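Enquirer: Have a look at this one before I ask anything.
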There are 4 protein chains.
Amino acid sequence: MNDRALRDVVVSLGGPANGFPRQDGFDIVVASEVMAIFCLASSLPDLKARLGNIVVGYTRDLRPVRARDLEAHGAMTVLLKDALKPNLVQTLENNPAIIHGGPFANIAHGCNSVIATRSALKLADYVVTEAGFGADLGAEKFIDIKCRKSGLRPSAAVVVATIRALKFHGGVDLKAVGQENLEALERGLANLERHVRNVREHYGLPCVVSINHFTQDTAAEHRLVQERMAALGVPAVVARHWAEGGRGAEELARTVADVVDRGEARMKFVYEDSAPLWEKIETVARRIYGAAGISADSRVRAEIQRLQDNGAGTYPVCIAKTQYSFSTDAALRGAPTGHSLDIREVRLSAGAEFVVVVCGDIMTMPGLPKAPAAERIDLVDGAVVGLF
Amino acid sequence: MNDRALRDVVVSLGGPANGFPRQDGFDIVVASEVMAIFCLASSLPDLKARLGNIVVGYTRDLRPVRARDLEAHGAMTVLLKDALKPNLVQTLENNPAIIHGGPFANIAHGCNSVIATRSALKLADYVVTEAGFGADLGAEKFIDIKCRKSGLRPSAAVVVATIRALKFHGGVDLKAVGQENLEALERGLANLERHVRNVREHYGLPCVVSINHFTQDTAAEHRLVQERMAALGVPAVVARHWAEGGRGAEELARTVADVVDRGEARMKFVYEDSAPLWEKIETVARRIYGAAGISADSRVRAEIQRLQDNGAGTYPVCIAKTQYSFSTDAALRGAPTGHSLDIREVRLSAGAEFVVVVCGDIMTMPGLPKAPAAERIDLVDGAVVGLF
Amino acid sequence: MNDRALRDVVVSLGGPANGFPRQDGFDIVVASEVMAIFCLASSLPDLKARLGNIVVGYTRDLRPVRARDLEAHGAMTVLLKDALKPNLVQTLENNPAIIHGGPFANIAHGCNSVIATRSALKLADYVVTEAGFGADLGAEKFIDIKCRKSGLRPSAAVVVATIRALKFHGGVDLKAVGQENLEALERGLANLERHVRNVREHYGLPCVVSINHFTQDTAAEHRLVQERMAALGVPAVVARHWAEGGRGAEELARTVADVVDRGEARMKFVYEDSAPLWEKIETVARRIYGAAGISADSRVRAEIQRLQDNGAGTYPVCIAKTQYSFSTDAALRGAPTGHSLDIREVRLSAGAEFVVVVCGDIMTMPGLPKAPAAERIDLVDGAVVGLF
Amino acid sequence: MNDRALRDVVVSLGGPANGFPRQDGFDIVVASEVMAIFCLASSLPDLKARLGNIVVGYTRDLRPVRARDLEAHGAMTVLLKDALKPNLVQTLENNPAIIHGGPFANIAHGCNSVIATRSALKLADYVVTEAGFGADLGAEKFIDIKCRKSGLRPSAAVVVATIRALKFHGGVDLKAVGQENLEALERGLANLERHVRNVREHYGLPCVVSINHFTQDTAAEHRLVQERMAALGVPAVVARHWAEGGRGAEELARTVADVVDRGEARMKFVYEDSAPLWEKIETVARRIYGAAGISADSRVRAEIQRLQDNGAGTYPVCIAKTQYSFSTDAALRGAPTGHSLDIREVRLSAGAEFVVVVCGDIMTMPGLPKAPAAERIDLVDGAVVGLF
């Protein structure tokens with residue numbers, strides 16, 4: 001359920017039998033640390049150990065209270081026991097797919113479960129997995145969090161682009177992105193080029209660009225992207241699976257398989273475990289986002305230092321920022337440089353073993369529609385309507 | 001989940017995006033009106049109509065706001081769509097049983113679903129169903145709420161008794177109920193006699209007493225109960241199914257089948273729909289509980305009048321009182337008379353279509369153990385432990 | 001300030017620096033135990049000792065926490081140091097009057113301060129003091145609380161009546177109380193007669209009735225009241241001070257002085273200190289209110305027993321009920337008998353040393369007007385307007 | 001009263017009669033906008049108009065709700081009517097002093113009332129007034145808020161310094177500031193020099209430095225300060241009033257009177273009314289604090305723009321930052337440059353007519369002692385003890 005009334009609550013009112021009053025809040029499932037843990041766990045014992053590590057609060061003298069201290073982790077593991085088995089589903093064309101786990105791509109690491117990926121690797125020759133949002137966010141977390149913790153090593157990366165988005169990054173108004181505009185596309189390609197460079201130089205992966213086809217795209221626009229990518233040595237393939245199903249992605253698949261088979265991947269992390277938290281954030285900001293530096297007010301800096309000194313110093317960082325820009329300013333398109341990454345807040349995910357770093361003015365919970373979706377859902381003559 | 005911290009809460013804090021702050025509370029599932037509705041619904045459309053009737057609050061000028069006004073009942077019905085199908089399970093001896101629905105026996109009517117009972121009636125020659133707590137509470141609600149609303153008409157009633165409980169009602173201390181004590185048993189039989197009289201005279205049903213056997217029971221004690229019941233023309237059978245399984249209840253089953261086959265049931269309600277709410281409560285109190293009358297402070301009387309005047313006047317009443325006594329005083333054993341039934345509070349269940357009448361000092365939510373059950377639940381070598 | 005938003009609050013939110021969250025509430029000054037204490041205190045040290053005795057809460061194992069335990073009573077005494085000196089004011093005709101202290105007449109004892117009354121007794125030959133609401137409430141508390149605790153002993157009582165109110169008690173509609181109606185007046189006199197009997201028999205005080213004159217009163221109505229009171233040996237004087245000032249009350253004053261000078265007062269309490277709390281309540285209910293008995297649900301009875309067992313057993317009781325009837329039912333006029341006094345709640349005033357007994361459906365806080373008085377208060381050309 | 005439990009509260013609980021639940025909070029008097037208004041008001045009508053302008057909240061569509069809309073400002077003015085008259089007190093040496101009004105020096109403008117200063121100017125040849133905290137905070141607000149709004153124009157400024165503080169700014173540890181250290185003093189003088197330069201260049205006022213004497217000061221240290229100030233053409237006088245009373249400040253007084261009589265003041269504001277809010281903040285940060293620039297996350301920038309667009313654009317800014325440094329980092333001593341002023345929050349004071357700009361990690365409410373002062377306050381033998 002998705003009820004914003006539960007985001008900020010006071011509980012345990014009504015007398016001593018109901019406990020000690022406290023301020024609290026509900027998160028939606030995908031935003032909870034439990035989901036992040038679930039997707040990083042390698043086994044049931046590992047799941048239980050991580051759940052036990054969750055810090056649920058602090059004593060008055062600031063010692064952490066963990067789920068383990070409440071003896072809650074055993075029961076939590078029992079609740080998740082069956083869920084930890086990957087779900088095998090099939091596509092409309094009867095290809096197998098595993099859908100398993102869904103942590104938020106901003107306040108968590110945004111990838112499906114380690115167990116799902118490992119299972120798939122045992123079942124298929126090639127496994128494709130998704131990392132949410134832009135390659136600065138999704139791929140960085142895939143590498144620095146999921147791969148680091150699981151030992152997984154990808155063979156190649158596919159960067160998805162659209163002609164429309166690239167023209168938007170080139171300065172075109174949202175209403176005009178459907179019209180051919182080679183100048184704007186040329187300018188916007190700076191954005192794609194940085195993503196490609198990040199993937200190849202900073203993540204150490206060979207790369208294929210998939211141009212997801214829209215009906216308003218022109219051949220000249222496709223050609224321009226392919227030429228600019230070719231200049232970098234990167235194949236760019238137009239993919240039409242939205243219209244043609246598997247056949248529309250066949251060329252893309254063959255191109256990726258070729259790249260994979262060449263075995264050129266030399267995956268590397270953006271930062272080392274041993275770097276202090278502040279330096280980890282700064283490294284991602286400079287290398288991946290093109291920032292000049294990072295900033296934080298003294299309260300936040302003190303909190304980062306406290307985490308550094310209390311056992312979280314070796315954790316990776318999970319940066320939450322807008323997906324609309326390399327900077328924290330959603331209006332700054334293209335490939336900006338020289339900006340500052342402002343850290344607003346840090347949160348410890350002691351079970352998932354990373355530190356969430358909230359930057360700029362980003363909502364960590366999704367906005368909800370004015371009219372609840374439930375209003376449209378109904379049972380009519382025994383059939384469910386209104387779900388989509 | 002069973003978290004007393006959620007009983008009394010303030011929600012929608014944190015700013016206008018989270019709604020209008022309000023005091024609210026969570027009930028456990030079995031205590032919710034949704035469960036009561038679920039068990040009374042005759043079909044999916046009936047379920048949806050009843051869910052839509054739930055009063056979730058009142059406007060400032062005291063007009064009811066219903067789930068229907070929030071357009072929530074369609075989605076609620078969708079959530080319950082599959083749950084409304086009865087669950088068929090089997091006993092250890094492979095007999096079929098239907099387990100379906102579990103409304104609280106004090107603040108709701110305490111019987112399983114109408115749909116389950118009707119399904120069973122189509123599948124078997126004899127159907128046994130349970131009505132929670134004493135025959136003053138469980139049987140009265142079974143007749144006056146479940147049978148009244150569904151048209152179901154039972155053929156006989158089984159009143160379950162134990163020698164231990166009857167000695168307790170005869171004044172024996174809890175620690176001494178394991179010792180033979182014919183004098184106390186004789187006194188305590190007043191309690192059983194009233195239950196039997198209620199069933200036969202006020203509910204109009206032929207009756208069998210099942211003496212649930214305990215190892216400390218003596219033959220003399222069994223004989224005394226059987227003699228006293230025989231004097232009323234009521235068979236009393238010792239049942240040993242706790243030790244012997246189905247065989248231990250065979251004599252009971254045959255006795256009940258005989259009574260049913262005689263076709264002497266003339267089921268009647270304790271009160272008519274048309275009686276005012278106050279009179280309905282008074283009638284149950286006098287006839288079934290042996291009370292001299294009922295009382296309520298003026299605020300409660302005004303609330304009953306308001307319900308009477310606003311469309312709930314024809315609803316049955318669902319009385320919540322202690323199961324330890326015919327009175328509201330748990331310490332008053334046997335078959336007390338002359339007491340007063342004090343009404344503390346009334347609540348409208350507009351979807352279930354009854355009025356809950358809370359009497360005396362009864363908790364409408366179960367107490368919880370000091371140590372949460374979750375502390376014992378764990379996963380050990382892949383096996384769940386600590387559930388029971 | 002009078003802000004109903006502060007009646008029920010949750011405080012200490014916002015983090016550990018602000019304390020432990022708790023449910024709390026603000027009372028208006030006159031409803032606080034501090035005001036009751038202030039009016040019963042005999043000296044500054046007595047005030048401090050009583051303030052220190054206030055129970056502000058209970059520990060989890062139900063031991064009382066007193067203002068003294070918080071070391072708050074010294075500072076509280078300092079704040080009240082100057083306020084404890086009585087205020088001498090004068091009437092429009094330049095007679096001295098002392099106005100000092102104002103505890104609520106329902107949830108507290110409703111009389112001005114002991115220090116004020118004692119001061120006045122040293123300054124004047126005759127001292128008149130007021131006891132709020134009907135003589136069943138105000139006079140009973142004046143005798144059983146203020147006189148009991150202070151040693152004060154009144155010489156006579158004045159019972160104030162109006163022709164209008166007596167006709168209302170005789171069954172006349174509120175709109176018709178301005179018309180002569182000797183039959184209704186005759187019936188309504190039962191109410192006045194009981195008050196007079198209470199004063200004389202149960203409080204042991206000689207009594208004068210003051211008929212507060214209204215312009216619609218007729219001579220025949222005044223005569224009827226005077227005749228009925230004369231039959232009891234009680235003088236009844238028409239008082240016109242509302243129109244004529246001191247001269248209008250001269251006959252009343254001379255009559256009261258005569259009664260006082262005769263020295264016939266033999267003041268007695270309605271109950272003794274040593275009677276259990278339950279018996280004290282019952283005694284007031286039967287003797288003064290004409291009730292058949294008292295009732296309380298088991299939770300309230302347990303709370304009374306707890307107070308009885310924990311040092312409050314010797315305290316007087318301060319009964320809060322409607323002032324419109326001898327019963328708890330405001331609609332029951334005249335001199336009802338046979339009713340039951342329903343106890344809804346008890347509250348300990350450990351500093352004031354009495355037990356508040358809330359009966360029936362009474363609001364213990366005054367209702368407020370829809371438009372706050374503050375809206376009319378203003379400063380116009382330097383002058384304050386809108387206060388009255 | 002000073003109760004941190006009231007900082008963050010939820011009110012209007014307990015049902016519809018108590019209003020609509022909301023999150024709220026209590027401020028201490030000196031931190032309230034009412035105090036700021038009180039000190040800026042020129043007359044009773046001006047006070048009333050400003051109180052009416054206070055924004056107490058916003059409607060759901062973000063229109064401001066003012067005290068005037070609640071018709072509260074008339075009654076508020078009545079409450080403050082007598083308080084608005086300045087309090088004349090006397091020093092231990094029987095010199096007259098006016099103590100009137102005390103807004104916080106960080107979240108308000110920190111100066112006494114305009115009416116007090118004007119009254120004093122009519123009563124004396126020279127008037128000395130205080131502006132709280134460092135000259136970057138106190139003097140800036142005195143000039144840009146109090147003088148701007150009242151038309152007051154000071155003739156000179158006294159900058160107060162201590163040898164100890166200057167050595168601390170020169171890098172000495174707090175424990176060592178009592179030992180002579182001319183090198184550290186020399187370094188620390190950069191701090192005083194910037195204050196003096198701010199006063200003379202940016203505020204346009206002639207300036208006298210008062211060296212507040214401490215017993216550990218050495219003659220060499222005094223001399224060094226005086227020489228460095230002389231080099232700037234600024235007299236620096238050692239003041240010993242803490243030990244010698246008025247006589248100890250006589251030289252300082254004569255020096256200041258001389259400076260005043262020369263009539264060289266050409267007071268100017270740091271920024272003009274017409275500059276946008278953002279530019280006003282930036283101007284103060286660069287000119288007075290030596291900052292390289294200012295920063296704010298997009299939420300704060302949007303809020304500043306909203307204020308700019310909604311009638312507060314011409315208001316002065318009231319910057320709240322630490323008093324320990326020219327920067328927002330309390331640890332950055334001396335005269336730092338190149339730092340960034342981070343804006344954390346802005347608040348509209350629509351009645352006081354300024355915009356509060358909260359910068360860095362500053363608490364806007366004072367910390368409280370672990371043991372409440374009330375614990376020591378008591379009445380002993382009729383005398384108040386423990387106030388100081």
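By convention here, the chains of the structure tokens are called A, B, ... in the order presented, each chain's residues are numbered starting at 1, and ligands are numbered starting at 1 in the order presented.
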Near chain C, which residues of chain A fall within 9 Å when you count only C-alpha atoms, and what do they look like as a list in words?
Expert: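 Interface list for chain A against chain C: Val10, Leu13, Gly14, Gly15, Pro16, Phe20, Pro21, Arg22, Gln23 and Arg60 of chain A.
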Enquirer: Quick one: DSSP helix (DSSP H, G or I) residues in region 132-314 of chain C, as a ChimeraX atom specification?
Expert: /C:135-150,163-169,174-176,182-202,219-231,241-262,277-287,298-312
Enquirer: Quick one: everything within 7 Å of Val270 (chain A), counting only C-alpha atoms, minus sequence neighbours fewer than 3 positions away in the same chain. Send it as a PyMOL selection string.
Expert: chain A and resi 144+202-203+284
Enquirer: Taking into account only C-alpha atoms, which residue in the set D:Phe104, D:Gly293, D:Asp24, D:Ala161 is nearest to Ala239 (chain D)?
Expert: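 Looking only at the distances to Ala239 (chain D), the closest residue turns out to be D:Ala161.
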Enquirer: What does the distance from CA of Ile143 (chain D) to CA of Arg228 (chain D) come to in Å, to one decimal?
Expert: 25.9 Å
Enquirer: Tell me, as number ranges by chain, which residues lie within 9 Å of Arg50 (chain C), counting only C-alpha atoms; anything in the same chain fewer than 2 positions away does not count.
Expert: C: 34, 37-38, 41, 45-48, 52-54, 73, 350-353
Enquirer: As an exercise, work out the distance from CA of Glu279 (chain C) to CA of Gly290 (chain B) in Å and give it to one decimal place.
Expert: 27.7 Å
Enquirer: Among the residues of region 169-233 of chain B, find those DSSP assigns to strand (DSSP E or B) from the backbone and print them as a list in words.
Expert: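 For region 169-233 of chain B, the strand (DSSP E or B) set is Cys207, Val208, Val209, Ser210, Ile211 and Asn212 of chain B.
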Enquirer: For the residues in the current selection, export N, CA, C and O atoms as a PDB file, in the first residue's frame.
Expert:
```
ATOM      1  N   CYS B 207     -30.566 -30.043  22.067  1.00  0.00           N
ATOM      2  CA  CYS B 207     -29.234 -29.796  22.611  1.00  0.00           C
ATOM      3  C   CYS B 207     -28.581 -31.080  23.074  1.00  0.00           C
ATOM      4  O   CYS B 207     -29.235 -31.967  23.650  1.00  0.00           O
ATOM      5  N   VAL B 208     -27.292 -31.234  22.825  1.00  0.00           N
ATOM      6  CA  VAL B 208     -26.487 -32.327  23.355  1.00  0.00           C
ATOM      7  C   VAL B 208     -25.328 -31.702  24.127  1.00  0.00           C
ATOM      8  O   VAL B 208     -24.745 -30.721  23.658  1.00  0.00           O
ATOM      9  N   VAL B 209     -25.021 -32.252  25.301  1.00  0.00           N
ATOM     10  CA  VAL B 209     -23.865 -31.766  26.056  1.00  0.00           C
ATOM     11  C   VAL B 209     -22.686 -32.681  25.787  1.00  0.00           C
ATOM     12  O   VAL B 209     -22.811 -33.910  25.898  1.00  0.00           O
ATOM     13  N   SER B 210     -21.559 -32.078  25.406  1.00  0.00           N
ATOM     14  CA  SER B 210     -20.322 -32.846  25.250  1.00  0.00           C
ATOM     15  C   SER B 210     -19.440 -32.564  26.447  1.00  0.00           C
ATOM     16  O   SER B 210     -19.047 -31.414  26.691  1.00  0.00           O
ATOM     17  N   ILE B 211     -19.152 -33.633  27.226  1.00  0.00           N
ATOM     18  CA  ILE B 211     -18.230 -33.482  28.352  1.00  0.00           C
ATOM     19  C   ILE B 211     -16.825 -33.751  27.835  1.00  0.00           C
ATOM     20  O   ILE B 211     -16.458 -34.905  27.603  1.00  0.00           O
ATOM     21  N   ASN B 212     -16.047 -32.707  27.617  1.00  0.00           N
ATOM     22  CA  ASN B 212     -14.676 -32.899  27.109  1.00  0.00           C
ATOM     23  C   ASN B 212     -13.806 -33.467  28.215  1.00  0.00           C
ATOM     24  O   ASN B 212     -13.571 -32.832  29.239  1.00  0.00           O
TER      25      ASN B 212
END
```
Enquirer: Need the shell around Ala275 (chain C): protein/DNA/RNA residues with any atom at most 8 Å away, counting only C-alpha atoms. Skip same-chain ones fewer than 3 positions apart. Format as a list in words?
Expert: Tyr271, Glu272, Glu279, Lys280, Gly313 and Thr314 of chain C
Enquirer: Only all heavy atoms, please: the residues just picked out, written as a JSON list (two decimals), in the first residue's frame.
Expert:
```json
[["chain", "number", "residue", "atom", "x", "y", "z"],
["C", 271, "TYR", "N", -20.15, 13.47, 55.81],
["C", 271, "TYR", "CA", -19.52, 12.17, 56.08],
["C", 271, "TYR", "C", -18.26, 12.41, 56.91],
["C", 271, "TYR", "O", -17.74, 13.53, 56.96],
["C", 271, "TYR", "CB", -19.18, 11.45, 54.77],
["C", 271, "TYR", "CG", -18.40, 12.32, 53.80],
["C", 271, "TYR", "CD1", -17.02, 12.51, 53.95],
["C", 271, "TYR", "CD2", -19.05, 12.98, 52.76],
["C", 271, "TYR", "CE1", -16.31, 13.33, 53.09],
["C", 271, "TYR", "CE2", -18.34, 13.81, 51.90],
["C", 271, "TYR", "CZ", -16.98, 13.98, 52.07],
["C", 271, "TYR", "OH", -16.27, 14.79, 51.23],
["C", 272, "GLU", "N", -17.77, 11.35, 57.51],
["C", 272, "GLU", "CA", -16.55, 11.46, 58.32],
["C", 272, "GLU", "C", -15.31, 11.13, 57.48],
["C", 272, "GLU", "O", -15.39, 10.39, 56.53],
["C", 272, "GLU", "CB", -16.64, 10.51, 59.52],
["C", 272, "GLU", "CG", -17.74, 10.89, 60.51],
["C", 272, "GLU", "CD", -17.66, 12.37, 60.90],
["C", 272, "GLU", "OE1", -16.57, 12.83, 61.33],
["C", 272, "GLU", "OE2", -18.69, 13.08, 60.76],
["C", 279, "GLU", "N", -17.97, 4.81, 50.29],
["C", 279, "GLU", "CA", -19.06, 5.15, 51.20],
["C", 279, "GLU", "C", -19.29, 6.66, 51.25],
["C", 279, "GLU", "O", -20.43, 7.12, 51.37],
["C", 279, "GLU", "CB", -18.70, 4.59, 52.59],
["C", 279, "GLU", "CG", -19.84, 4.70, 53.59],
["C", 279, "GLU", "CD", -19.40, 4.25, 54.97],
["C", 279, "GLU", "OE1", -18.75, 3.18, 55.07],
["C", 279, "GLU", "OE2", -19.68, 4.98, 55.94],
["C", 280, "LYS", "N", -18.22, 7.44, 51.17],
["C", 280, "LYS", "CA", -18.38, 8.90, 51.15],
["C", 280, "LYS", "C", -19.23, 9.33, 49.96],
["C", 280, "LYS", "O", -20.15, 10.14, 50.07],
["C", 280, "LYS", "CB", -17.00, 9.57, 51.08],
["C", 280, "LYS", "CG", -16.24, 9.56, 52.39],
["C", 280, "LYS", "CD", -14.78, 10.02, 52.19],
["C", 280, "LYS", "CE", -14.04, 9.99, 53.53],
["C", 280, "LYS", "NZ", -12.57, 9.98, 53.35],
["C", 313, "GLY", "N", -7.45, 7.47, 51.13],
["C", 313, "GLY", "CA", -8.70, 6.98, 51.70],
["C", 313, "GLY", "C", -9.35, 7.96, 52.67],
["C", 313, "GLY", "O", -10.57, 7.95, 52.85],
["C", 314, "THR", "N", -8.57, 8.79, 53.33],
["C", 314, "THR", "CA", -9.13, 9.72, 54.31],
["C", 314, "THR", "C", -9.48, 11.08, 53.70],
["C", 314, "THR", "O", -9.93, 11.97, 54.41],
["C", 314, "THR", "CB", -8.11, 9.96, 55.44],
["C", 314, "THR", "OG1", -6.92, 10.47, 54.84],
["C", 314, "THR", "CG2", -7.79, 8.66, 56.17]]
```
Enquirer: Show which residues sit within 6 Å of Val355 (chain B), as a list in words. Count only C-alpha atoms, and ignore same-chain residues fewer than 2 positions away.
Expert: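 Here the answer would be Val317, Cys318, Arg347, Leu348 and Ser349 of chain B.
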Enquirer: Quote the spacing between CA of Gly334 (chain A) and CA of His169 (chain A) in Å to one decimal place.
Expert: 4.7 Å
Enquirer: Leaving out Thr328 (chain B) and any residue of its chain fewer than 5 positions from it, which residues lie within 12 Å of it when counting only C-alpha atoms, given as a PyMOL selection string?
Expert: (chain B and resi 285+289-291+294-295+319-323+333+336-337+339-344+358-362) or (chain C and resi 296-299)
